[in-house]
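This is upload18.cif (mmCIF, N, CA and C atoms).
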```cif
data_work
#
loop_
_atom_site.group_PDB
_atom_site.id
_atom_site.type_symbol
_atom_site.label_atom_id
_atom_site.label_comp_id
_atom_site.auth_asym_id
_atom_site.auth_seq_id
_atom_site.Cartn_x
_atom_site.Cartn_y
_atom_site.Cartn_z
ATOM 1 N N MET A 134 34.117 46.899 0.275
ATOM 2 C CA MET A 134 34.468 45.587 -0.246
ATOM 3 C C MET A 134 33.526 44.560 0.365
ATOM 4 N N LYS A 135 32.981 43.687 -0.473
ATOM 5 C CA LYS A 135 32.040 42.662 -0.023
ATOM 6 C C LYS A 135 32.757 41.311 0.083
ATOM 7 N N ILE A 136 32.608 40.686 1.243
ATOM 8 C CA ILE A 136 33.224 39.382 1.490
ATOM 9 C C ILE A 136 32.121 38.376 1.799
ATOM 10 N N TYR A 137 32.202 37.225 1.148
ATOM 11 C CA TYR A 137 31.223 36.151 1.332
ATOM 12 C C TYR A 137 31.925 34.998 2.043
ATOM 13 N N ILE A 138 31.362 34.583 3.165
ATOM 14 C CA ILE A 138 31.951 33.511 3.971
ATOM 15 C C ILE A 138 31.146 32.232 3.788
ATOM 16 N N ILE A 139 31.844 31.181 3.367
ATOM 17 C CA ILE A 139 31.219 29.870 3.194
ATOM 18 C C ILE A 139 31.813 28.957 4.262
ATOM 19 N N GLU A 140 31.131 28.892 5.384
ATOM 20 C CA GLU A 140 31.590 28.159 6.568
ATOM 21 C C GLU A 140 30.360 27.604 7.275
ATOM 22 N N ASP A 141 30.366 26.301 7.590
ATOM 23 C CA ASP A 141 29.192 25.691 8.210
ATOM 24 C C ASP A 141 29.197 25.756 9.734
ATOM 25 N N ASP A 142 30.306 26.082 10.346
ATOM 26 C CA ASP A 142 30.361 26.224 11.800
ATOM 27 C C ASP A 142 29.932 27.648 12.150
ATOM 28 N N PRO A 143 28.761 27.800 12.798
ATOM 29 C CA PRO A 143 28.251 29.145 13.065
ATOM 30 C C PRO A 143 29.183 29.992 13.937
ATOM 31 N N THR A 144 29.891 29.379 14.858
ATOM 32 C CA THR A 144 30.804 30.131 15.714
ATOM 33 C C THR A 144 31.944 30.727 14.899
ATOM 34 N N ILE A 145 32.522 29.931 14.021
ATOM 35 C CA ILE A 145 33.617 30.417 13.172
ATOM 36 C C ILE A 145 33.102 31.480 12.211
ATOM 37 N N ALA A 146 31.965 31.238 11.590
ATOM 38 C CA ALA A 146 31.403 32.200 10.633
ATOM 39 C C ALA A 146 31.109 33.534 11.320
ATOM 40 N N GLN A 147 30.543 33.490 12.511
ATOM 41 C CA GLN A 147 30.231 34.720 13.238
ATOM 42 C C GLN A 147 31.496 35.446 13.667
ATOM 43 N N SER A 148 32.505 34.710 14.112
ATOM 44 C CA SER A 148 33.767 35.326 14.520
ATOM 45 C C SER A 148 34.446 36.023 13.348
ATOM 46 N N LEU A 149 34.515 35.336 12.208
ATOM 47 C CA LEU A 149 35.088 35.941 11.009
ATOM 48 C C LEU A 149 34.310 37.195 10.603
ATOM 49 N N SER A 150 33.003 37.095 10.600
ATOM 50 C CA SER A 150 32.157 38.229 10.224
ATOM 51 C C SER A 150 32.399 39.423 11.134
ATOM 52 N N ARG A 151 32.383 39.171 12.427
ATOM 53 C CA ARG A 151 32.584 40.248 13.405
ATOM 54 C C ARG A 151 33.917 40.963 13.195
ATOM 55 N N GLU A 152 34.977 40.179 13.033
ATOM 56 C CA GLU A 152 36.306 40.772 12.869
ATOM 57 C C GLU A 152 36.409 41.566 11.572
ATOM 58 N N LEU A 153 35.860 41.033 10.493
ATOM 59 C CA LEU A 153 35.924 41.740 9.208
ATOM 60 C C LEU A 153 35.071 43.010 9.223
ATOM 61 N N GLU A 154 33.929 42.960 9.882
ATOM 62 C CA GLU A 154 33.069 44.141 9.968
ATOM 63 C C GLU A 154 33.734 45.259 10.772
ATOM 64 N N LYS A 155 34.596 44.910 11.710
ATOM 65 C CA LYS A 155 35.346 45.934 12.455
ATOM 66 C C LYS A 155 36.217 46.769 11.521
ATOM 67 N N TRP A 156 36.608 46.169 10.395
ATOM 68 C CA TRP A 156 37.449 46.858 9.409
ATOM 69 C C TRP A 156 36.605 47.443 8.278
ATOM 70 N N ASP A 157 35.300 47.535 8.509
ATOM 71 C CA ASP A 157 34.341 48.135 7.568
ATOM 72 C C ASP A 157 34.127 47.349 6.281
ATOM 73 N N TYR A 158 34.335 46.036 6.331
ATOM 74 C CA TYR A 158 33.982 45.198 5.202
ATOM 75 C C TYR A 158 32.506 44.838 5.300
ATOM 76 N N GLU A 159 31.855 44.732 4.172
ATOM 77 C CA GLU A 159 30.484 44.234 4.126
ATOM 78 C C GLU A 159 30.581 42.717 4.045
ATOM 79 N N VAL A 160 29.977 42.021 4.995
ATOM 80 C CA VAL A 160 30.144 40.571 5.086
ATOM 81 C C VAL A 160 28.791 39.879 5.042
ATOM 82 N N ARG A 161 28.749 38.788 4.301
ATOM 83 C CA ARG A 161 27.560 37.934 4.260
ATOM 84 C C ARG A 161 28.022 36.497 4.400
ATOM 85 N N THR A 162 27.232 35.684 5.084
ATOM 86 C CA THR A 162 27.543 34.262 5.218
ATOM 87 C C THR A 162 26.514 33.444 4.435
ATOM 88 N N VAL A 163 26.918 32.260 4.075
ATOM 89 C CA VAL A 163 26.052 31.380 3.294
ATOM 90 C C VAL A 163 24.770 31.079 4.072
ATOM 91 N N GLN A 164 23.660 31.047 3.356
ATOM 92 C CA GLN A 164 22.364 30.743 3.952
ATOM 93 C C GLN A 164 21.863 29.353 3.564
ATOM 94 N N ASP A 165 22.148 28.943 2.334
ATOM 95 C CA ASP A 165 21.656 27.660 1.824
ATOM 96 C C ASP A 165 22.830 26.900 1.202
ATOM 97 N N PHE A 166 23.248 25.844 1.860
ATOM 98 C CA PHE A 166 24.415 25.092 1.412
ATOM 99 C C PHE A 166 24.172 24.267 0.150
ATOM 100 N N THR A 167 22.961 24.308 -0.388
ATOM 101 C CA THR A 167 22.696 23.637 -1.656
ATOM 102 C C THR A 167 22.664 24.628 -2.817
ATOM 103 N N GLN A 168 22.721 25.924 -2.520
ATOM 104 C CA GLN A 168 22.616 26.963 -3.549
ATOM 105 C C GLN A 168 23.749 27.990 -3.452
ATOM 106 N N ILE A 169 24.932 27.529 -3.092
ATOM 107 C CA ILE A 169 26.050 28.451 -2.892
ATOM 108 C C ILE A 169 26.369 29.234 -4.161
ATOM 109 N N ASP A 170 26.392 28.574 -5.306
ATOM 110 C CA ASP A 170 26.715 29.282 -6.548
ATOM 111 C C ASP A 170 25.702 30.382 -6.857
ATOM 112 N N GLY A 171 24.442 30.120 -6.585
ATOM 113 C CA GLY A 171 23.401 31.132 -6.787
ATOM 114 C C GLY A 171 23.541 32.305 -5.822
ATOM 115 N N GLU A 172 23.884 32.010 -4.575
ATOM 116 C CA GLU A 172 24.086 33.075 -3.592
ATOM 117 C C GLU A 172 25.286 33.938 -3.970
ATOM 118 N N VAL A 173 26.343 33.306 -4.461
ATOM 119 C CA VAL A 173 27.526 34.055 -4.895
ATOM 120 C C VAL A 173 27.157 34.974 -6.061
ATOM 121 N N ALA A 174 26.426 34.453 -7.019
ATOM 122 C CA ALA A 174 26.039 35.267 -8.176
ATOM 123 C C ALA A 174 25.162 36.450 -7.748
ATOM 124 N N ALA A 175 24.249 36.225 -6.820
ATOM 125 C CA ALA A 175 23.352 37.291 -6.375
ATOM 126 C C ALA A 175 24.081 38.357 -5.552
ATOM 127 N N TYR A 176 25.037 37.957 -4.732
ATOM 128 C CA TYR A 176 25.739 38.891 -3.855
ATOM 129 C C TYR A 176 26.900 39.586 -4.559
ATOM 130 N N ALA A 177 27.529 38.933 -5.512
ATOM 131 C CA ALA A 177 28.678 39.452 -6.263
ATOM 132 C C ALA A 177 29.786 39.957 -5.340
ATOM 133 N N PRO A 178 30.354 39.053 -4.518
ATOM 134 C CA PRO A 178 31.395 39.491 -3.580
ATOM 135 C C PRO A 178 32.715 39.805 -4.280
ATOM 136 N N HIS A 179 33.562 40.544 -3.569
ATOM 137 C CA HIS A 179 34.908 40.845 -4.053
ATOM 138 C C HIS A 179 35.900 39.785 -3.598
ATOM 139 N N LEU A 180 35.509 38.996 -2.587
ATOM 140 C CA LEU A 180 36.362 37.951 -2.013
ATOM 141 C C LEU A 180 35.482 36.896 -1.382
ATOM 142 N N ILE A 181 35.904 35.630 -1.504
ATOM 143 C CA ILE A 181 35.206 34.514 -0.854
ATOM 144 C C ILE A 181 36.188 33.827 0.087
ATOM 145 N N LEU A 182 35.738 33.585 1.317
ATOM 146 C CA LEU A 182 36.472 32.772 2.280
ATOM 147 C C LEU A 182 35.723 31.458 2.391
ATOM 148 N N MET A 183 36.388 30.348 2.080
ATOM 149 C CA MET A 183 35.716 29.055 1.933
ATOM 150 C C MET A 183 36.336 27.979 2.819
ATOM 151 N N ASP A 184 35.478 27.244 3.504
ATOM 152 C CA ASP A 184 35.898 26.060 4.249
ATOM 153 C C ASP A 184 35.904 24.875 3.276
ATOM 154 N N ILE A 185 36.587 23.809 3.660
ATOM 155 C CA ILE A 185 36.596 22.607 2.818
ATOM 156 C C ILE A 185 35.432 21.693 3.169
ATOM 157 N N VAL A 186 35.279 21.401 4.437
ATOM 158 C CA VAL A 186 34.247 20.463 4.876
ATOM 159 C C VAL A 186 32.935 21.220 5.065
ATOM 160 N N LEU A 187 31.978 20.933 4.172
ATOM 161 C CA LEU A 187 30.681 21.589 4.183
ATOM 162 C C LEU A 187 29.584 20.545 4.025
ATOM 163 N N PRO A 188 28.352 20.882 4.402
ATOM 164 C CA PRO A 188 27.249 19.945 4.169
ATOM 165 C C PRO A 188 26.962 19.803 2.660
ATOM 166 N N HIS A 189 26.453 18.687 2.262
ATOM 167 C CA HIS A 189 26.037 18.376 0.893
ATOM 168 C C HIS A 189 27.230 18.177 -0.055
ATOM 169 N N PHE A 190 27.972 19.230 -0.364
ATOM 170 C CA PHE A 190 29.146 19.153 -1.230
ATOM 171 C C PHE A 190 30.293 19.873 -0.537
ATOM 172 N N ASN A 191 31.527 19.456 -0.820
ATOM 173 C CA ASN A 191 32.663 20.097 -0.145
ATOM 174 C C ASN A 191 33.062 21.408 -0.836
ATOM 175 N N GLY A 192 33.986 22.120 -0.191
ATOM 176 C CA GLY A 192 34.439 23.401 -0.708
ATOM 177 C C GLY A 192 35.111 23.299 -2.072
ATOM 178 N N TYR A 193 35.789 22.177 -2.331
ATOM 179 C CA TYR A 193 36.424 21.987 -3.646
ATOM 180 C C TYR A 193 35.376 22.016 -4.753
ATOM 181 N N TYR A 194 34.283 21.304 -4.514
ATOM 182 C CA TYR A 194 33.187 21.264 -5.485
ATOM 183 C C TYR A 194 32.654 22.672 -5.745
ATOM 184 N N TRP A 195 32.352 23.389 -4.648
ATOM 185 C CA TRP A 195 31.776 24.723 -4.808
ATOM 186 C C TRP A 195 32.745 25.687 -5.459
ATOM 187 N N CYS A 196 34.016 25.543 -5.185
ATOM 188 C CA CYS A 196 35.019 26.387 -5.822
ATOM 189 C C CYS A 196 34.987 26.173 -7.338
ATOM 190 N N ALA A 197 34.963 24.931 -7.766
ATOM 191 C CA ALA A 197 34.902 24.619 -9.194
ATOM 192 C C ALA A 197 33.621 25.162 -9.824
ATOM 193 N N GLU A 198 32.502 25.066 -9.115
ATOM 194 C CA GLU A 198 31.231 25.582 -9.631
ATOM 195 C C GLU A 198 31.276 27.104 -9.771
ATOM 196 N N ILE A 199 31.817 27.783 -8.776
ATOM 197 C CA ILE A 199 31.920 29.244 -8.826
ATOM 198 C C ILE A 199 32.830 29.673 -9.964
ATOM 199 N N ARG A 200 33.897 28.920 -10.198
ATOM 200 C CA ARG A 200 34.858 29.250 -11.260
ATOM 201 C C ARG A 200 34.236 29.183 -12.657
ATOM 202 N N LYS A 201 33.133 28.479 -12.801
ATOM 203 C CA LYS A 201 32.470 28.398 -14.104
ATOM 204 C C LYS A 201 31.907 29.756 -14.538
ATOM 205 N N THR A 202 31.613 30.624 -13.552
ATOM 206 C CA THR A 202 30.979 31.902 -13.885
ATOM 207 C C THR A 202 31.686 33.123 -13.297
ATOM 208 N N SER A 203 32.706 32.912 -12.457
ATOM 209 C CA SER A 203 33.315 34.047 -11.768
ATOM 210 C C SER A 203 34.813 33.843 -11.537
ATOM 211 N N ASN A 204 35.540 34.931 -11.542
ATOM 212 C CA ASN A 204 36.964 34.911 -11.215
ATOM 213 C C ASN A 204 37.235 35.554 -9.861
ATOM 214 N N VAL A 205 36.213 35.691 -9.035
ATOM 215 C CA VAL A 205 36.380 36.287 -7.712
ATOM 216 C C VAL A 205 37.467 35.521 -6.944
ATOM 217 N N PRO A 206 38.355 36.204 -6.241
ATOM 218 C CA PRO A 206 39.367 35.489 -5.451
ATOM 219 C C PRO A 206 38.714 34.608 -4.384
ATOM 220 N N ILE A 207 39.202 33.382 -4.279
ATOM 221 C CA ILE A 207 38.698 32.430 -3.288
ATOM 222 C C ILE A 207 39.871 31.990 -2.427
ATOM 223 N N ILE A 208 39.731 32.227 -1.130
ATOM 224 C CA ILE A 208 40.742 31.796 -0.177
ATOM 225 C C ILE A 208 40.130 30.696 0.680
ATOM 226 N N PHE A 209 40.759 29.537 0.679
ATOM 227 C CA PHE A 209 40.318 28.447 1.539
ATOM 228 C C PHE A 209 40.864 28.685 2.937
ATOM 229 N N ILE A 210 39.984 28.575 3.919
ATOM 230 C CA ILE A 210 40.376 28.683 5.323
ATOM 231 C C ILE A 210 39.946 27.382 5.979
ATOM 232 N N SER A 211 40.930 26.604 6.430
ATOM 233 C CA SER A 211 40.612 25.286 6.967
ATOM 234 C C SER A 211 41.641 24.843 7.992
ATOM 235 N N SER A 212 41.206 23.983 8.900
ATOM 236 C CA SER A 212 42.129 23.382 9.864
ATOM 237 C C SER A 212 42.834 22.163 9.252
ATOM 238 N N LYS A 213 42.370 21.729 8.091
ATOM 239 C CA LYS A 213 43.033 20.619 7.401
ATOM 240 C C LYS A 213 44.356 21.135 6.859
ATOM 241 N N ALA A 214 45.447 20.438 7.182
ATOM 242 C CA ALA A 214 46.769 20.968 6.844
ATOM 243 C C ALA A 214 47.613 20.004 6.013
ATOM 244 N N GLU A 215 46.997 19.023 5.424
ATOM 245 C CA GLU A 215 47.740 18.094 4.578
ATOM 246 C C GLU A 215 48.108 18.766 3.258
ATOM 247 N N ASN A 216 49.255 18.421 2.721
ATOM 248 C CA ASN A 216 49.674 18.986 1.436
ATOM 249 C C ASN A 216 48.647 18.731 0.345
ATOM 250 N N MET A 217 48.010 17.582 0.386
ATOM 251 C CA MET A 217 47.019 17.241 -0.642
ATOM 252 C C MET A 217 45.824 18.194 -0.591
ATOM 253 N N ASP A 218 45.462 18.668 0.594
ATOM 254 C CA ASP A 218 44.357 19.625 0.705
ATOM 255 C C ASP A 218 44.703 20.920 -0.013
ATOM 256 N N VAL A 219 45.928 21.375 0.162
ATOM 257 C CA VAL A 219 46.382 22.604 -0.501
ATOM 258 C C VAL A 219 46.396 22.407 -2.016
ATOM 259 N N VAL A 220 46.916 21.277 -2.470
ATOM 260 C CA VAL A 220 46.970 20.982 -3.903
ATOM 261 C C VAL A 220 45.560 20.939 -4.490
ATOM 262 N N MET A 221 44.649 20.257 -3.817
ATOM 263 C CA MET A 221 43.262 20.167 -4.304
ATOM 264 C C MET A 221 42.623 21.546 -4.379
ATOM 265 N N ALA A 222 42.835 22.368 -3.356
ATOM 266 C CA ALA A 222 42.246 23.708 -3.331
ATOM 267 C C ALA A 222 42.696 24.519 -4.541
ATOM 268 N N VAL A 223 43.973 24.466 -4.846
ATOM 269 C CA VAL A 223 44.506 25.223 -5.979
ATOM 270 C C VAL A 223 44.037 24.619 -7.304
ATOM 271 N N GLN A 224 44.028 23.308 -7.405
ATOM 272 C CA GLN A 224 43.584 22.650 -8.644
ATOM 273 C C GLN A 224 42.119 22.939 -8.958
ATOM 274 N N MET A 225 41.307 23.113 -7.936
ATOM 275 C CA MET A 225 39.886 23.358 -8.149
ATOM 276 C C MET A 225 39.586 24.838 -8.375
ATOM 277 N N GLY A 226 40.615 25.683 -8.314
ATOM 278 C CA GLY A 226 40.413 27.090 -8.641
ATOM 279 C C GLY A 226 40.644 28.057 -7.510
ATOM 280 N N GLY A 227 41.058 27.566 -6.359
ATOM 281 C CA GLY A 227 41.320 28.450 -5.228
ATOM 282 C C GLY A 227 42.553 29.309 -5.468
ATOM 283 N N ASP A 228 42.572 30.478 -4.881
ATOM 284 C CA ASP A 228 43.683 31.405 -5.044
ATOM 285 C C ASP A 228 44.703 31.317 -3.923
ATOM 286 N N ASP A 229 44.268 30.871 -2.759
ATOM 287 C CA ASP A 229 45.190 30.732 -1.631
ATOM 288 C C ASP A 229 44.572 29.791 -0.612
ATOM 289 N N TYR A 230 45.388 29.390 0.355
ATOM 290 C CA TYR A 230 44.963 28.406 1.367
ATOM 291 C C TYR A 230 45.581 28.807 2.701
ATOM 292 N N ILE A 231 44.725 29.008 3.678
ATOM 293 C CA ILE A 231 45.196 29.343 5.031
ATOM 294 C C ILE A 231 44.729 28.245 5.970
#
```
This structure in structure tokens:
Amino acid sequence: MKIYIIEDDPTIAQSLSRELEKWDYEVRTVQDFTQIDGEVAAYAPHLILMDIVLPHFNGYYWCAEIRKTSNVPIIFISSKAENMDVVMAVQMGGDDYI
């Protein structure tokens, strides 16, 4: 199973990657925050873990862009815990929010 992590904090991205790789998942992290939709299309992941606060455009934007071409499950992982954040994540096409 291929998992794509969209997280701008390198410590968090590396920690998530390390833990998922222990369970034999193939993991890739975003390389270019201006070309996330292209990276998703090229990698064709089975699951996306997405942060909300990202450089250039936020996770809501990228979720909507990915939804134009893919139905891959997207789980938002964020420290933001306001109800509105959860509502926005789901409205923009997210499948779950942690």
Just say which residues the PyMOL selection byres (((chain A and resi 205 and name CA) around 9) and name CA) picks in this file, as a PDB file with N, CA and C atoms, in the frame of the given file.
```pdb
ATOM      1  N   ALA A 177      27.529  38.933  -5.512  1.00  0.00           N
ATOM      2  CA  ALA A 177      28.678  39.452  -6.263  1.00  0.00           C
ATOM      3  C   ALA A 177      29.786  39.957  -5.340  1.00  0.00           C
ATOM      4  N   PRO A 178      30.354  39.053  -4.518  1.00  0.00           N
ATOM      5  CA  PRO A 178      31.395  39.491  -3.580  1.00  0.00           C
ATOM      6  C   PRO A 178      32.715  39.805  -4.280  1.00  0.00           C
ATOM      7  N   HIS A 179      33.562  40.544  -3.569  1.00  0.00           N
ATOM      8  CA  HIS A 179      34.908  40.845  -4.053  1.00  0.00           C
ATOM      9  C   HIS A 179      35.900  39.785  -3.598  1.00  0.00           C
ATOM     10  N   LEU A 180      35.509  38.996  -2.587  1.00  0.00           N
ATOM     11  CA  LEU A 180      36.362  37.951  -2.013  1.00  0.00           C
ATOM     12  C   LEU A 180      35.482  36.896  -1.382  1.00  0.00           C
ATOM     13  N   ILE A 181      35.904  35.630  -1.504  1.00  0.00           N
ATOM     14  CA  ILE A 181      35.206  34.514  -0.854  1.00  0.00           C
ATOM     15  C   ILE A 181      36.188  33.827   0.087  1.00  0.00           C
ATOM     16  N   ILE A 199      31.817  27.783  -8.776  1.00  0.00           N
ATOM     17  CA  ILE A 199      31.920  29.244  -8.826  1.00  0.00           C
ATOM     18  C   ILE A 199      32.830  29.673  -9.964  1.00  0.00           C
ATOM     19  N   ARG A 200      33.897  28.920 -10.198  1.00  0.00           N
ATOM     20  CA  ARG A 200      34.858  29.250 -11.260  1.00  0.00           C
ATOM     21  C   ARG A 200      34.236  29.183 -12.657  1.00  0.00           C
ATOM     22  N   SER A 203      32.706  32.912 -12.457  1.00  0.00           N
ATOM     23  CA  SER A 203      33.315  34.047 -11.768  1.00  0.00           C
ATOM     24  C   SER A 203      34.813  33.843 -11.537  1.00  0.00           C
ATOM     25  N   ASN A 204      35.540  34.931 -11.542  1.00  0.00           N
ATOM     26  CA  ASN A 204      36.964  34.911 -11.215  1.00  0.00           C
ATOM     27  C   ASN A 204      37.235  35.554  -9.861  1.00  0.00           C
ATOM     28  N   PRO A 206      38.355  36.204  -6.241  1.00  0.00           N
ATOM     29  CA  PRO A 206      39.367  35.489  -5.451  1.00  0.00           C
ATOM     30  C   PRO A 206      38.714  34.608  -4.384  1.00  0.00           C
ATOM     31  N   ILE A 207      39.202  33.382  -4.279  1.00  0.00           N
ATOM     32  CA  ILE A 207      38.698  32.430  -3.288  1.00  0.00           C
ATOM     33  C   ILE A 207      39.871  31.990  -2.427  1.00  0.00           C
TER      34      ILE A 207
END
```
Residues picked by the PyMOL selection byres ((chain A and resi 166) around 7) here, as a list in words? Val163, Gln164, Asp165, Thr167, Gln168, Ile169, Pro188, His189 and Phe190 of chain A
Could you expand the PyMOL selection byres ((chain A and resi 211) around 6.5) into the explicit residues it covers here, written as number ranges by chain? A: 183-185, 209-210, 212-214, 230-231
Between A:Ala175, A:Leu182, A:Val219, A:Met225, which is the closest to Ala197 in chain A once you count only N, CA and C atoms? A:Met225
Using DSSP secondary structure from the backbone, list all alpha helix (DSSP H) positions within range 141-229 of chain A, as an MDAnalysis selection string. chainID A and resid 143:155 169:176 192:200 216:224
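One finds atom C of Asn216 in chain A at 26.7 Å from atom C of Asp170 in chain A.
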I'd like the contact shell of range 157-162 of chain A - 8 Å cut-off, only C-alpha atoms, skipping same-chain residues fewer than 4 positions apart - returned as a list in words. Met134, Lys135, Ile136, Tyr137, Ile138, Ile139, Glu140, Ala146, Ser150 and Leu153 of chain A
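The gap separating CA of Cys196 in chain A from CA of Gly227 in chain A is 6.7 Å, in Å to one decimal.
In this model, the gap between CA of Lys155 in chain A and CA of Gly171 in chain A comes to 27.1 Å.
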Select from chain A everything DSSP, run on the backbone, classes as strand (DSSP E), then give the selection as a tab-separated table (two decimals) with N, CA and C atoms, in the frame of the given file.
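selection-v4.tsv was written with the following content:
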```tsv
chain	number	residue	atom	x	y	z
A	135	LYS	N	32.98	43.69	-0.47
A	135	LYS	CA	32.04	42.66	-0.02
A	135	LYS	C	32.76	41.31	0.08
A	136	ILE	N	32.61	40.69	1.24
A	136	ILE	CA	33.22	39.38	1.49
A	136	ILE	C	32.12	38.38	1.80
A	137	TYR	N	32.20	37.22	1.15
A	137	TYR	CA	31.22	36.15	1.33
A	137	TYR	C	31.92	35.00	2.04
A	138	ILE	N	31.36	34.58	3.16
A	138	ILE	CA	31.95	33.51	3.97
A	138	ILE	C	31.15	32.23	3.79
A	139	ILE	N	31.84	31.18	3.37
A	139	ILE	CA	31.22	29.87	3.19
A	139	ILE	C	31.81	28.96	4.26
A	159	GLU	N	31.86	44.73	4.17
A	159	GLU	CA	30.48	44.23	4.13
A	159	GLU	C	30.58	42.72	4.04
A	160	VAL	N	29.98	42.02	5.00
A	160	VAL	CA	30.14	40.57	5.09
A	160	VAL	C	28.79	39.88	5.04
A	161	ARG	N	28.75	38.79	4.30
A	161	ARG	CA	27.56	37.93	4.26
A	161	ARG	C	28.02	36.50	4.40
A	162	THR	N	27.23	35.68	5.08
A	162	THR	CA	27.54	34.26	5.22
A	162	THR	C	26.51	33.44	4.43
A	180	LEU	N	35.51	39.00	-2.59
A	180	LEU	CA	36.36	37.95	-2.01
A	180	LEU	C	35.48	36.90	-1.38
A	181	ILE	N	35.90	35.63	-1.50
A	181	ILE	CA	35.21	34.51	-0.85
A	181	ILE	C	36.19	33.83	0.09
A	182	LEU	N	35.74	33.58	1.32
A	182	LEU	CA	36.47	32.77	2.28
A	182	LEU	C	35.72	31.46	2.39
A	183	MET	N	36.39	30.35	2.08
A	183	MET	CA	35.72	29.06	1.93
A	183	MET	C	36.34	27.98	2.82
A	207	ILE	N	39.20	33.38	-4.28
A	207	ILE	CA	38.70	32.43	-3.29
A	207	ILE	C	39.87	31.99	-2.43
A	208	ILE	N	39.73	32.23	-1.13
A	208	ILE	CA	40.74	31.80	-0.18
A	208	ILE	C	40.13	30.70	0.68
A	209	PHE	N	40.76	29.54	0.68
A	209	PHE	CA	40.32	28.45	1.54
A	209	PHE	C	40.86	28.68	2.94
A	229	ASP	N	44.27	30.87	-2.76
A	229	ASP	CA	45.19	30.73	-1.63
A	229	ASP	C	44.57	29.79	-0.61
A	230	TYR	N	45.39	29.39	0.36
A	230	TYR	CA	44.96	28.41	1.37
A	230	TYR	C	45.58	28.81	2.70
```
